[in-house]
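A.B. asks: Quick one, target.csv (CSV, C-alpha atoms):
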chain,number,residue,atom,x,y,z
A,1,MET,CA,11.7,18.9,-1.6
A,2,PRO,CA,8.5,20.9,-1.0
A,3,GLU,CA,7.7,22.4,2.3
A,4,GLN,CA,5.3,19.6,2.9
A,5,LEU,CA,5.0,16.2,1.2
A,6,SER,CA,1.6,15.6,-0.3
A,7,VAL,CA,0.4,12.3,1.1
A,8,GLY,CA,-2.4,9.8,0.2
A,9,ILE,CA,-3.5,6.8,2.3
A,10,VAL,CA,-5.0,3.8,0.4
A,11,GLY,CA,-7.2,1.7,2.6
A,12,ALA,CA,-7.6,4.5,5.2
A,13,SER,CA,-10.8,3.1,6.6
A,14,GLY,CA,-8.9,0.2,8.3
A,15,PHE,CA,-7.3,0.4,11.7
A,16,THR,CA,-3.8,1.0,10.3
A,17,GLY,CA,-5.2,3.8,8.1
A,18,ALA,CA,-6.9,5.4,11.1
A,19,GLU,CA,-3.6,5.1,13.0
A,20,LEU,CA,-1.7,6.8,10.2
A,21,LEU,CA,-4.2,9.6,10.2
A,22,ARG,CA,-3.9,10.0,14.0
A,23,LEU,CA,-0.1,10.2,13.8
A,24,LEU,CA,0.2,12.4,10.7
A,25,VAL,CA,-1.9,15.1,12.4
A,26,ASN,CA,1.4,16.0,14.3
A,27,HIS,CA,3.7,15.6,11.3
A,28,PRO,CA,5.0,19.0,10.2
A,29,ASP,CA,6.4,17.7,6.9
A,30,MET,CA,3.5,15.6,5.6
A,31,ASP,CA,0.1,16.8,4.5
A,32,VAL,CA,-2.7,14.2,4.0
A,33,ARG,CA,-4.5,15.2,0.8
A,34,VAL,CA,-6.6,12.1,0.0
A,35,VAL,CA,-7.8,8.9,1.7
A,36,THR,CA,-9.4,6.0,0.0
A,37,GLY,CA,-11.8,3.4,1.3
A,38,ASP,CA,-14.0,1.8,-1.3
A,39,THR,CA,-16.5,0.4,1.2
A,40,GLN,CA,-16.7,3.8,2.9
A,41,ALA,CA,-16.6,6.0,-0.3
A,42,GLY,CA,-18.7,9.1,0.2
A,43,ASN,CA,-18.6,8.9,4.0
A,44,LYS,CA,-16.7,11.2,6.2
A,45,VAL,CA,-13.6,10.1,8.1
A,46,ALA,CA,-15.1,11.6,11.3
A,47,ASP,CA,-18.2,9.5,11.0
A,48,LEU,CA,-16.3,6.3,11.0
A,49,TYR,CA,-13.7,7.5,13.5
A,50,PRO,CA,-15.1,10.3,15.7
A,51,SER,CA,-11.7,10.6,17.4
A,52,LEU,CA,-10.3,12.0,14.2
A,53,ALA,CA,-13.0,14.7,13.8
A,54,PRO,CA,-11.0,17.6,15.2
A,55,ALA,CA,-8.3,17.2,12.5
A,56,TYR,CA,-10.2,15.6,9.6
A,57,GLY,CA,-13.8,16.8,10.1
A,58,ASP,CA,-14.4,17.6,6.4
A,59,MET,CA,-12.3,14.8,4.9
A,60,THR,CA,-14.3,12.2,2.9
A,61,TYR,CA,-13.2,8.7,1.8
A,62,VAL,CA,-13.0,8.3,-2.0
A,63,LYS,CA,-12.8,5.4,-4.3
A,64,LEU,CA,-9.4,4.3,-5.4
A,65,GLU,CA,-9.9,5.2,-9.0
A,66,ASP,CA,-11.0,8.7,-8.1
A,67,ALA,CA,-8.0,9.5,-5.8
A,68,GLY,CA,-5.5,10.9,-8.2
A,69,LEU,CA,-2.7,9.2,-6.3
A,70,ASP,CA,-0.2,9.8,-9.1
A,71,LYS,CA,-0.2,13.5,-8.4
A,72,LEU,CA,1.1,12.9,-4.8
A,73,ASP,CA,4.6,12.8,-3.3
A,74,MET,CA,4.0,9.8,-1.0
A,75,VAL,CA,1.4,7.0,-0.8
A,76,PHE,CA,0.8,4.8,2.2
A,77,ALA,CA,-0.8,1.6,1.0
A,78,GLY,CA,-2.8,-0.2,3.7
A,79,LEU,CA,-4.4,-2.9,1.6
A,80,PRO,CA,-4.4,-6.7,2.2
A,81,HIS,CA,-1.8,-8.9,0.5
A,82,ARG,CA,-2.2,-9.3,-3.3
A,83,ALA,CA,-4.5,-6.3,-3.4
A,84,SER,CA,-1.5,-4.1,-2.8
A,85,GLN,CA,0.4,-5.5,-5.7
A,86,GLU,CA,-2.4,-4.5,-8.0
A,87,ILE,CA,-2.0,-0.8,-7.3
A,88,VAL,CA,1.8,-0.6,-6.5
A,89,GLY,CA,2.7,-1.6,-10.0
A,90,ASP,CA,0.8,1.4,-11.3
A,91,LEU,CA,2.1,3.8,-8.7
A,92,ILE,CA,5.7,3.1,-8.2
A,93,ASP,CA,7.0,5.1,-11.2
A,94,HIS,CA,4.6,8.0,-10.6
A,95,VAL,CA,5.1,8.9,-6.9
A,96,ASP,CA,8.3,9.5,-5.1
A,97,HIS,CA,7.7,7.1,-2.3
A,98,VAL,CA,5.4,4.1,-1.8
A,99,ILE,CA,5.1,2.9,1.8
A,100,ASP,CA,3.4,-0.5,1.6
A,101,LEU,CA,1.9,-1.9,4.8
A,102,SER,CA,1.0,-5.3,3.3
A,103,ALA,CA,3.1,-8.4,3.0
A,104,ASP,CA,3.6,-8.1,-0.7
A,105,PHE,CA,7.1,-6.7,-0.8
A,106,ARG,CA,8.6,-8.0,2.5
A,107,LEU,CA,9.8,-11.4,1.3
A,108,ASN,CA,12.8,-11.5,-1.1
A,109,ASP,CA,11.8,-14.7,-2.8
A,110,PRO,CA,8.5,-14.6,-4.7
A,111,LEU,CA,8.3,-18.4,-4.5
A,112,VAL,CA,8.4,-18.2,-0.7
A,113,TYR,CA,5.6,-15.6,-0.9
A,114,GLU,CA,3.5,-17.9,-3.1
A,115,LYS,CA,4.0,-20.9,-0.7
A,116,TRP,CA,2.9,-19.0,2.4
A,117,TYR,CA,0.3,-16.7,0.9
A,118,GLU,CA,-1.1,-19.2,-1.6
A,119,VAL,CA,-1.2,-16.8,-4.5
A,120,PRO,CA,1.5,-16.0,-7.1
A,121,HIS,CA,3.3,-12.7,-6.9
A,122,VAL,CA,2.3,-10.7,-9.9
A,123,VAL,CA,5.0,-8.1,-9.9
A,124,PRO,CA,8.1,-9.9,-8.5
A,125,ASP,CA,10.4,-7.6,-10.5
A,126,LEU,CA,9.4,-4.8,-8.1
A,127,ILE,CA,10.4,-6.5,-4.8
A,128,ASP,CA,14.1,-5.3,-5.0
A,129,ARG,CA,13.0,-1.7,-5.2
A,130,PHE,CA,11.6,-1.8,-1.6
A,131,ALA,CA,13.7,-1.6,1.6
A,132,TYR,CA,12.5,-3.6,4.6
A,133,GLY,CA,11.2,-1.0,7.0
A,134,LEU,CA,12.9,-1.9,10.2
A,135,PRO,CA,15.3,1.1,10.7
A,136,GLU,CA,17.1,-0.4,13.7
A,137,LEU,CA,18.5,-3.1,11.5
A,138,PHE,CA,18.2,-1.8,7.9
A,139,ARG,CA,18.7,1.9,8.1
A,140,ASP,CA,21.4,2.0,5.4
A,141,ASP,CA,19.1,0.1,3.0
A,142,LEU,CA,16.3,2.6,3.7
A,143,LYS,CA,18.6,5.5,3.0
A,144,SER,CA,19.5,4.0,-0.4
A,145,LYS,CA,16.0,3.3,-1.6
A,146,LYS,CA,12.8,5.2,-2.2
A,147,HIS,CA,10.1,2.7,-1.3
A,148,VAL,CA,9.4,0.8,1.9
A,149,ALA,CA,7.9,-2.6,2.7
A,150,VAL,CA,6.7,-2.2,6.3
A,151,PRO,CA,7.3,-5.2,8.5
A,152,GLY,CA,4.6,-7.3,10.1
A,153,CYS,CA,3.8,-6.5,13.7
A,154,TYR,CA,4.9,-10.0,15.0
A,155,PRO,CA,8.2,-9.9,13.1
A,156,SER,CA,9.0,-6.5,14.5
A,157,THR,CA,8.3,-7.7,18.0
A,158,ALA,CA,10.3,-11.0,17.6
A,159,VAL,CA,13.2,-9.7,15.6
A,160,LEU,CA,14.1,-6.6,17.6
A,161,PRO,CA,15.1,-8.6,20.8
A,162,LEU,CA,16.7,-11.6,19.0
A,163,ALA,CA,18.7,-10.0,16.2
A,164,PRO,CA,21.3,-8.3,18.4
A,165,LEU,CA,22.0,-11.5,20.3
A,166,LEU,CA,22.3,-13.5,17.1
A,167,ARG,CA,24.7,-10.9,15.5
A,168,ALA,CA,26.8,-11.0,18.7
A,169,GLY,CA,27.0,-14.8,18.6
A,170,VAL,CA,25.8,-15.2,22.1
A,171,ILE,CA,22.8,-17.4,21.3
A,172,SER,CA,22.5,-20.4,19.0
A,173,GLU,CA,20.9,-20.1,15.6
A,174,THR,CA,19.0,-23.4,16.2
A,175,GLY,CA,16.2,-24.1,18.6
A,176,ILE,CA,14.8,-20.6,18.8
A,177,ILE,CA,11.2,-20.5,20.1
A,178,ILE,CA,8.9,-17.4,19.9
A,179,ASP,CA,5.7,-17.1,21.8
A,180,ALA,CA,3.8,-13.9,21.1
A,181,ALA,CA,0.4,-12.5,22.0
A,182,SER,CA,-1.4,-9.7,20.1
A,183,GLY,CA,-4.4,-7.6,20.7
A,184,VAL,CA,-7.5,-8.0,18.6
A,185,SER,CA,-6.9,-5.0,16.4
A,186,GLY,CA,-4.2,-7.0,14.7
A,187,ALA,CA,-7.0,-9.0,13.0
A,188,GLY,CA,-8.2,-5.8,11.3
A,189,ARG,CA,-11.5,-3.8,11.4
A,190,ALA,CA,-13.7,-6.1,9.4
A,191,PRO,CA,-15.8,-8.3,11.8
A,192,LYS,CA,-15.0,-12.0,12.1
A,193,GLU,CA,-16.5,-14.7,14.1
A,194,ASN,CA,-13.4,-15.2,16.3
A,195,THR,CA,-12.9,-11.5,17.0
A,196,THR,CA,-16.3,-10.4,18.2
A,197,PHE,CA,-16.5,-9.2,21.8
A,198,CYS,CA,-18.2,-12.4,23.0
A,199,ALA,CA,-15.6,-14.6,21.3
A,200,VAL,CA,-12.5,-12.7,22.6
A,201,ASP,CA,-13.5,-11.4,26.0
A,202,GLU,CA,-12.0,-13.4,28.9
A,203,ASP,CA,-10.4,-15.8,26.4
A,204,PHE,CA,-6.8,-16.5,25.4
A,205,SER,CA,-5.9,-18.7,22.4
A,206,ALA,CA,-3.1,-19.9,20.2
A,207,TYR,CA,-3.7,-19.8,16.4
A,208,GLY,CA,-1.9,-20.3,13.2
A,209,VAL,CA,0.3,-22.9,14.9
A,210,GLY,CA,3.1,-23.8,12.5
A,211,THR,CA,1.4,-22.0,9.6
A,212,HIS,CA,1.3,-18.3,10.5
A,213,ARG,CA,2.4,-16.2,7.5
A,214,HIS,CA,4.8,-14.0,9.5
A,215,THR,CA,7.0,-17.1,10.0
A,216,PRO,CA,9.0,-16.8,6.8
A,217,GLU,CA,9.4,-13.1,7.4
A,218,ILE,CA,10.9,-13.6,10.8
A,219,GLU,CA,13.2,-16.3,9.5
A,220,GLN,CA,14.3,-14.2,6.5
A,221,THR,CA,15.2,-11.3,8.8
A,222,LEU,CA,16.9,-13.4,11.5
A,223,GLY,CA,18.6,-15.7,9.0
A,224,THR,CA,17.5,-18.9,10.8
A,225,GLN,CA,14.6,-21.2,11.4
A,226,VAL,CA,12.3,-20.5,14.4
A,227,VAL,CA,9.3,-22.1,16.0
A,228,PHE,CA,6.7,-19.3,16.1
A,229,THR,CA,3.3,-19.5,17.9
A,230,PRO,CA,1.0,-16.4,17.9
A,231,HIS,CA,-1.8,-16.0,20.4
A,232,LEU,CA,-4.9,-13.8,20.5
A,233,ALA,CA,-5.2,-11.8,23.8
A,234,PRO,CA,-8.4,-10.1,25.0
A,235,MET,CA,-7.1,-6.5,24.5
A,236,ASN,CA,-7.5,-3.9,21.8
A,237,ARG,CA,-3.8,-3.4,20.9
A,238,GLY,CA,-0.3,-4.3,21.8
A,239,ILE,CA,2.0,-7.3,21.4
A,240,LEU,CA,4.3,-9.1,23.9
A,241,ALA,CA,6.8,-11.6,22.6
A,242,THR,CA,8.7,-14.0,24.8
A,243,CYS,CA,11.6,-15.7,22.9
A,244,TYR,CA,13.7,-18.6,24.1
A,245,ALA,CA,17.2,-19.6,22.8
A,246,LYS,CA,20.2,-21.6,23.9
A,247,PRO,CA,23.5,-19.7,24.6
A,248,THR,CA,26.6,-20.5,22.6
A,249,GLY,CA,28.7,-20.4,25.8
A,250,SER,CA,28.5,-19.2,29.3
A,251,SER,CA,25.9,-16.5,29.8
A,252,SER,CA,24.0,-14.4,32.3
A,253,THR,CA,21.2,-11.9,32.5
A,254,GLU,CA,23.7,-9.1,32.8
A,255,GLU,CA,25.5,-10.2,29.6
A,256,LEU,CA,22.3,-10.4,27.6
A,257,LEU,CA,21.1,-7.0,28.8
A,258,SER,CA,24.5,-5.5,28.0
A,259,VAL,CA,24.5,-6.8,24.4
A,260,LEU,CA,21.0,-5.4,23.9
A,261,ALA,CA,21.7,-2.1,25.5
A,262,GLU,CA,24.9,-1.6,23.5
A,263,PHE,CA,23.2,-2.5,20.2
A,264,TYR,CA,20.3,-0.1,20.8
A,265,ALA,CA,22.2,2.7,22.6
A,266,ASP,CA,21.6,5.2,19.9
A,267,GLU,CA,18.1,4.0,18.8
A,268,PRO,CA,15.4,6.6,19.7
A,269,PHE,CA,12.5,4.1,19.8
A,270,VAL,CA,14.0,1.1,21.5
A,271,HIS,CA,14.2,1.1,25.3
A,272,VAL,CA,16.2,-1.7,26.9
A,273,SER,CA,15.8,-2.2,30.7
A,274,GLU,CA,16.0,-4.8,33.4
A,275,ARG,CA,12.3,-4.1,33.9
A,276,LEU,CA,10.1,-6.7,32.1
A,277,PRO,CA,8.1,-5.0,29.3
A,278,THR,CA,4.4,-4.7,29.3
A,279,THR,CA,2.0,-3.9,26.4
A,280,LYS,CA,0.3,-1.1,28.4
A,281,ALA,CA,3.6,0.8,28.7
A,282,THR,CA,3.9,1.1,24.9
A,283,LEU,CA,0.2,2.0,24.2
A,284,GLY,CA,0.0,4.6,21.5
A,285,SER,CA,3.8,5.1,21.3
A,286,ASN,CA,6.3,4.2,18.6
A,287,SER,CA,8.6,2.6,21.2
A,288,ALA,CA,9.6,-1.0,21.7
A,289,HIS,CA,10.5,-2.1,25.2
A,290,ILE,CA,13.0,-4.9,25.5
A,291,SER,CA,14.4,-7.0,28.4
A,292,ALA,CA,16.2,-10.3,29.0
A,293,ARG,CA,16.7,-13.0,31.5
A,294,PHE,CA,19.1,-16.0,31.7
A,295,ASP,CA,17.7,-19.1,33.4
A,296,GLU,CA,20.6,-20.9,35.1
A,297,ARG,CA,18.7,-24.0,35.8
A,298,THR,CA,17.8,-24.8,32.2
A,299,GLN,CA,20.6,-22.8,30.6
A,300,THR,CA,18.1,-20.8,28.5
A,301,ALA,CA,18.3,-17.3,27.3
A,302,MET,CA,14.9,-15.5,27.4
A,303,VAL,CA,14.3,-12.1,25.7
A,304,PHE,CA,11.1,-10.1,25.8
A,305,CYS,CA,9.7,-7.3,23.7
A,306,ALA,CA,6.5,-5.3,23.9
A,307,LEU,CA,5.2,-2.8,21.4
A,308,ASP,CA,2.0,-1.3,20.1
A,309,ASN,CA,1.0,-3.4,17.1
A,310,LEU,CA,-0.8,-0.5,15.4
A,311,CYS,CA,2.0,2.1,16.1
A,312,LYS,CA,5.6,0.8,16.1
A,313,GLY,CA,4.3,-2.5,14.7
A,314,SER,CA,2.6,-0.9,11.7
A,315,SER,CA,1.6,2.7,11.1
A,316,GLY,CA,4.2,4.3,13.4
A,317,GLY,CA,7.0,2.1,12.0
A,318,ALA,CA,5.8,3.0,8.5
A,319,ILE,CA,6.1,6.7,9.2
A,320,GLN,CA,9.5,6.2,10.8
A,321,SER,CA,10.8,4.5,7.7
A,322,ALA,CA,9.0,7.0,5.4
A,323,ASN,CA,10.8,9.8,7.2
A,324,ILE,CA,14.1,8.1,6.4
A,325,VAL,CA,13.5,7.6,2.7
A,326,ALA,CA,12.2,11.1,2.4
A,327,GLY,CA,15.3,12.5,4.0
A,328,LEU,CA,13.6,13.7,7.2
A,329,ASP,CA,14.5,13.2,10.8
A,330,GLU,CA,13.1,9.7,11.5
A,331,THR,CA,11.6,10.7,14.8
A,332,THR,CA,9.4,13.4,13.2
A,333,GLY,CA,5.7,13.2,14.2
A,334,LEU,CA,6.1,10.1,16.3
A,335,PRO,CA,5.3,9.7,20.0
A,336,LEU,CA,8.0,8.3,22.2
A,337,VAL,CA,6.0,7.5,25.4
A,338,GLY,CA,2.9,5.5,25.9
A,339,LEU,CA,-0.5,6.5,27.4
A,340,MET,CA,-1.2,5.8,31.0
A,341,PRO,CA,-3.5,4.9,32.5
Would you write the structure of this file as structure tokens?
C.D. replies:
Amino acid sequence: MPEQLSVGIVGASGFTGAELLRLLVNHPDMDVRVVTGDTQAGNKVADLYPSLAPAYGDMTYVKLEDAGLDKLDMVFAGLPHRASQEIVGDLIDHVDHVIDLSADFRLNDPLVYEKWYEVPHVVPDLIDRFAYGLPELFRDDLKSKKHVAVPGCYPSTAVLPLAPLLRAGVISETGIIIDAASGVSGAGRAPKENTTFCAVDEDFSAYGVGTHRHTPEIEQTLGTQVVFTPHLAPMNRGILATCYAKPTGSSSTEELLSVLAEFYADEPFVHVSERLPTTKATLGSNSAHISARFDERTQTAMVFCALDNLCKGSSGGAIQSANIVAGLDETTGLPLVGLMP
């Protein structure tokens, strides 16, 4: 392996691309050589994101066809679903590692993908070559493969608190309810009527009720059906998930916390505490904060998780998994603590 991996970012003009650029500034083993953004081609990264100017002042967005991606060691693909398939098929045999941030390689069954994303999967034979990029649950698979399908932000937030309890058999597989709220950056950089300042400010709304495309991903990863309702919160970034489940036997807050703490005892980016998590505490970090409560009156287990949707929920998680498939320490280049205030 060379001293530094040569890296390209496709779709680097979006929020996840900008977050990748921010984080990779401090990565000693990865060197960003090229960034694509067809709508921004010819424009400087610093003009679109002035915060990146000290590190990328002279870097310019290029069109995808001019990027020379096949000469790189690693490519982060930050394109929407379906668009990612179009380039990954051409890239996967020419670069060592493809780290795909779209939904295109997360679902094992291409027919499930077609049902929820309403388009056929054009390269279903490539799905098995990707590891699902949630190291806390799939580290061995990441170590055995070269390419990564980065989880959605909602699935990461819902799966991390629920999976240990399901694996320990302390909560039932049926009747799980997930309520989660995300900041507006989760909708992407492109302007939309429902994500303008006037639409979002001082508002809180449910959306995608019963139809959100992250539902099959959550169910595939947990191995059970869930009721998942996402909400849009008037904040820039962050997700908080509150999950409800029925215990399989007698339970308590102490037992739930103990199961979670034991499961994540050696995980660098998961913090389990009796303290209820908040989105602000995870801002800008690659950490997930988890807690639990047991409601005696209704005999209901409640687990909570907060994380930064652009960091641990997307670009930071992508780098964490990229580190693993590249044989690096998975914590390299990633912030552990959030920004405050």
A.B. asks: Can you pull out every residue within 6 Å of stretch 2-11 of chain A, counting only C-alpha atoms, but drop anything in the same chain fewer than 5 positions away, and send it as a PyMOL selection string?
C.D. replies: chain A and resi 29-37+72-79
A.B. asks: Neighbouring residues of stretch 100-107 of chain A were defined as those with any atom within 10 Å, considering all atoms listed in the file; residues of the same chain fewer than 5 positions away were excluded. Please report them as a PyMOL selection string.
C.D. replies: chain A and resi 10+16-17+75-85+88+112-113+117+121-124+126-133+147-152+213-214+216-218+220-221+314-315+317-318
A.B. asks: Using all atoms listed in the file, which residues sit within 9 Å of A:Pro234 once same-chain residues fewer than 6 positions away are excluded, as a PDB file with C-alpha atoms, in the coordinates of the input?
C.D. replies:
ATOM      1  CA  SER A 182      -1.400  -9.700  20.100  1.00  0.00           C
ATOM      2  CA  GLY A 183      -4.400  -7.600  20.700  1.00  0.00           C
ATOM      3  CA  VAL A 184      -7.500  -8.000  18.600  1.00  0.00           C
ATOM      4  CA  PHE A 197     -16.500  -9.200  21.800  1.00  0.00           C
ATOM      5  CA  VAL A 200     -12.500 -12.700  22.600  1.00  0.00           C
ATOM      6  CA  ASP A 201     -13.500 -11.400  26.000  1.00  0.00           C
ATOM      7  CA  GLU A 202     -12.000 -13.400  28.900  1.00  0.00           C
ATOM      8  CA  ASP A 203     -10.400 -15.800  26.400  1.00  0.00           C
ATOM      9  CA  PHE A 204      -6.800 -16.500  25.400  1.00  0.00           C
TER      10      PHE A 204
END
A.B. asks: From the list A:Val272, A:Val45, A:Leu21, A:Met235, which residue is nearest A:Phe304 when using only C-alpha atoms?
C.D. replies: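 The closest residue to A:Phe304 is A:Val272.
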A.B. asks: Check the smallest atom-to-atom distance from each of A:Ala322, A:Ile87, A:Ile290, A:Val259 to A:Pro135 using all atoms listed in the file, then report the winner.
C.D. replies: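 Using all atoms listed in the file, the shortest distance to A:Pro135 belongs to A:Ala322.
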A.B. asks: Can you tell me how far atom CA of A:Thr242 sits from atom CA of A:Ile177, in Å to one decimal?
C.D. replies: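 That distance, rounded to one decimal, is 8.4 Å.
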A.B. asks: Could you tell me how far atom CA of A:Tyr49 lies from atom CA of A:Tyr154, in Å and to one decimal?
C.D. replies: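 Separation of atom CA of A:Tyr49 and atom CA of A:Tyr154: 25.6 Å.
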